[in-house]
Amino acid sequence: MRTAPFGLNGPETGVLGLGCMGMTHAYDVQNRDDEKSVQVIRQALDLGVTLIDTADMYGPYTNEEVVGAALAGPYRERAFLATKVGIVPGGSGQGERNGRPEHVRRSIDESLRRLGTDHVDLYQLHRVDPDVPIEETWGALAEVVQAGKARRIGLSEVTVEEIRRAQSVHPVASVQSELSLWTRDVLADVLPYTEDQGIAFLPFSPLGRGFLTGSISSFDELPADDFRRRLPRFQQDALKANLALVAKVREVAERIGATPAQVALAWTLAQGRYVFPIPGTRTPRYLVDNAGAADVVLSAADLAELDAIPSATGGRY
């Protein structure tokens, strides 16, 4: 896979990463297969997919263990390993935010233990805690870097103002937010800012939580324990309306000889110099298909056609 610098002064990484959340969290958890997930992560490295993204909250806590098992031995040095802190399990099932410095200091040690490593390449604040000034949380993450437990630190789902406030304390290496053909909010301000600042941008759910692949045509197809059943865009009426988006993606894919997933990912890659989509999968053939997006070239006409796709029906959450 072709590589690109991870931000202005970052190391070279594969332009596509692997989001590991779905291996133990949120998607059809009853059919979880850790051994298969380990194989997929190692296959990703063989394909040049070096950015491996997890979080302590996923599982909760079990996702890092699976990633750690996959990266044992010689595999660790081949990966650009990223994890997150800042969300803890809560009664609502969605988690609660915790950005207290003492939580950050404690959590990095727990994550390193589960991951079986002495450092991560990227430690990210999963969400800003509204009850803790971001400068305090970010200062604690900066301490993690100073201690050698993380090479660099990043943010997730933040505003431009929050990025600026963090930058006043310590450099921001990356920002992770949802970006895909059906979620384009960050194109208005956050992504232009990160591009200008030389900050890497990590789009999560670049395939619209799997919807843009064309593999979902009905609410009833979703597994009983799949969290997409709670999301507005996957409710039956909205889902039917959103199938028009998939039809346009498929039309472009057929014309250029690619798959819908590859077209959706190639569009996301085209949004900036420092954009590293992290599609998630635990299926080998989908991994190979996604990786192929790095070689898909969309013309100006293709991009314009995709840009013209209407907004999705229904909110993100």
# chains A, B, ... in the order shown; residues from 1 in each chain; ligands from 1
>>> residues_around(residues="Val296 (chain A)", least_positions_apart="5", cutoff="9 Å", atoms="only C-alpha atoms", output="list of chain:residue names")
A:Ile256, A:Ala258, A:Gln262, A:Val263, A:Leu265, A:Ala266
>>> residues_around(residues="region 19-31 of chain A", least_positions_apart="6", cutoff="6 Å", atoms="only C-alpha atoms", output="MDAnalysis selection string")
chainID A and resid 53:54 58:59 63 223 225:227 278:280 282
>>> atom_distance(atom1="CA of Leu141 (chain A)", atom2="CA of Val175 (chain A)")
14.3 Å
>>> residues_around(residues="Gly10 (chain A)", least_positions_apart="2", cutoff="12 Å", atoms="only C-alpha atoms", output="PyMOL selection string")
chain A and resi 3-8+12-13+80+121-122+151-153+171-174+198-200+274
>>> residues_around(residues="Gly17 (chain A)", least_positions_apart="5", cutoff="7 Å", atoms="only C-alpha atoms", output="PyMOL selection string")
chain A and resi 49-52+276-279
>>> atom_distance(atom1="CA of Ala70 (chain A)", atom2="CA of Gly214 (chain A)")
29.4 Å
>>> residues_around(residues="Asp295 (chain A)", least_positions_apart="2", cutoff="9 Å", atoms="only C-alpha atoms", output="list of chain:residue names")
A:Met1, A:Arg2, A:Gln262, A:Ala266, A:Ala291, A:Gly292, A:Ala293, A:Val297
>>> write_last_selection(atoms="C-alpha atoms", output="PDB file, in the first residue's frame")
ATOM      1  CA  MET A   1       0.000   0.000   0.000  1.00  0.00           C
ATOM      2  CA  ARG A   2       1.171   3.518  -0.692  1.00  0.00           C
ATOM      3  CA  GLN A 262     -13.516   1.210  -2.663  1.00  0.00           C
ATOM      4  CA  ALA A 266     -11.295   6.675  -2.314  1.00  0.00           C
ATOM      5  CA  ALA A 291      -7.175  -2.006   1.079  1.00  0.00           C
ATOM      6  CA  GLY A 292      -7.669  -1.908  -2.674  1.00  0.00           C
ATOM      7  CA  ALA A 293      -9.209   1.545  -2.332  1.00  0.00           C
ATOM      8  CA  VAL A 297      -8.212   6.915  -8.805  1.00  0.00           C
TER       9      VAL A 297
END
>>> closest_residue(among="A:Ala261, A:Met57, A:Ala244, A:Ala142", to="Gln167 (chain A)", atoms="only C-alpha atoms")
A:Ala142
>>> residues_around(residues="Trp138 (chain A)", least_positions_apart="3", cutoff="9 Å", atoms="only C-alpha atoms", output="number ranges by chain")
A: 99, 101, 125, 133-135, 141-143, 153, 166-167, 169-170
>>> write_last_selection(atoms="all heavy atoms", output="compact mmCIF listing (two decimals), in the first residue's frame")
# COMPACT_ATOMS: atom_id res chain seq x y z
N GLY A 99 -12.41 12.94 31.66
CA GLY A 99 -11.17 13.55 31.22
C GLY A 99 -10.30 14.01 32.36
O GLY A 99 -9.38 14.83 32.16
N PRO A 101 -7.33 14.28 34.85
CA PRO A 101 -5.93 13.91 34.67
C PRO A 101 -5.55 12.60 35.34
O PRO A 101 -4.80 11.80 34.76
CB PRO A 101 -5.18 15.10 35.29
CG PRO A 101 -6.09 16.26 35.05
CD PRO A 101 -7.48 15.70 35.26
N LEU A 125 -7.59 11.35 22.95
CA LEU A 125 -8.69 11.67 23.85
C LEU A 125 -9.98 11.35 23.12
O LEU A 125 -10.34 12.00 22.15
CB LEU A 125 -8.64 13.15 24.25
CG LEU A 125 -9.77 13.62 25.16
CD1 LEU A 125 -9.78 12.85 26.47
CD2 LEU A 125 -9.66 15.13 25.42
N PRO A 133 -11.69 21.18 32.10
CA PRO A 133 -11.09 22.00 31.05
C PRO A 133 -10.17 21.17 30.17
O PRO A 133 -9.36 20.37 30.67
CB PRO A 133 -10.30 23.06 31.84
CG PRO A 133 -11.01 23.15 33.15
CD PRO A 133 -11.47 21.75 33.45
N ILE A 134 -10.29 21.33 28.87
CA ILE A 134 -9.50 20.50 27.96
C ILE A 134 -8.01 20.69 28.19
O ILE A 134 -7.22 19.76 28.01
CB ILE A 134 -9.88 20.79 26.49
CG1 ILE A 134 -9.23 19.73 25.58
CG2 ILE A 134 -9.51 22.19 26.07
CD1 ILE A 134 -9.69 19.80 24.14
N GLU A 135 -7.61 21.89 28.65
CA GLU A 135 -6.20 22.13 28.93
C GLU A 135 -5.68 21.18 30.01
O GLU A 135 -4.52 20.74 29.94
CB GLU A 135 -5.99 23.58 29.35
CG GLU A 135 -6.21 24.60 28.24
CD GLU A 135 -7.67 25.00 28.07
OE1 GLU A 135 -8.55 24.40 28.76
OE2 GLU A 135 -7.95 25.89 27.25
N LEU A 141 -2.27 14.17 29.03
CA LEU A 141 -1.84 13.39 27.86
C LEU A 141 -0.42 13.78 27.46
O LEU A 141 0.37 12.92 27.05
CB LEU A 141 -2.81 13.60 26.70
CG LEU A 141 -4.06 12.71 26.79
CD1 LEU A 141 -5.34 13.51 26.75
CD2 LEU A 141 -4.06 11.69 25.67
N ALA A 142 -0.08 15.05 27.60
CA ALA A 142 1.29 15.48 27.30
C ALA A 142 2.28 14.81 28.25
O ALA A 142 3.40 14.46 27.85
CB ALA A 142 1.39 17.01 27.41
N GLU A 143 1.87 14.61 29.50
CA GLU A 143 2.73 13.91 30.46
C GLU A 143 2.99 12.47 30.00
O GLU A 143 4.08 11.92 30.23
CB GLU A 143 2.07 13.90 31.84
CG GLU A 143 2.00 15.25 32.52
CD GLU A 143 1.22 15.18 33.83
OE1 GLU A 143 0.99 14.05 34.32
OE2 GLU A 143 0.85 16.24 34.35
N ILE A 153 0.04 12.48 20.60
CA ILE A 153 -1.33 12.47 21.13
C ILE A 153 -2.30 13.13 20.16
O ILE A 153 -1.93 14.02 19.40
CB ILE A 153 -1.40 13.12 22.53
CG1 ILE A 153 -0.72 14.49 22.54
CG2 ILE A 153 -0.78 12.20 23.57
CD1 ILE A 153 -0.80 15.22 23.89
N ALA A 166 -6.15 22.90 22.87
CA ALA A 166 -5.19 21.82 23.13
C ALA A 166 -3.81 22.19 22.60
O ALA A 166 -2.79 21.96 23.27
CB ALA A 166 -5.68 20.53 22.49
N GLN A 167 -3.76 22.80 21.42
CA GLN A 167 -2.49 23.18 20.83
C GLN A 167 -1.71 24.16 21.70
O GLN A 167 -0.48 24.20 21.65
CB GLN A 167 -2.70 23.81 19.45
CG GLN A 167 -3.03 22.81 18.35
CD GLN A 167 -3.30 23.51 17.03
OE1 GLN A 167 -4.20 24.35 16.93
NE2 GLN A 167 -2.51 23.19 16.01
N VAL A 169 -1.25 23.93 24.68
CA VAL A 169 -0.59 23.16 25.74
C VAL A 169 0.47 22.23 25.17
O VAL A 169 1.59 22.13 25.69
CB VAL A 169 -1.64 22.33 26.53
CG1 VAL A 169 -0.97 21.45 27.58
CG2 VAL A 169 -2.68 23.24 27.17
N HIS A 170 0.13 21.54 24.07
CA HIS A 170 1.03 20.54 23.48
C HIS A 170 0.58 20.30 22.05
O HIS A 170 -0.62 20.36 21.75
CB HIS A 170 0.96 19.23 24.29
CG HIS A 170 1.93 18.19 23.86
ND1 HIS A 170 3.19 18.08 24.40
CD2 HIS A 170 1.84 17.21 22.91
CE1 HIS A 170 3.83 17.07 23.83
NE2 HIS A 170 3.03 16.53 22.92
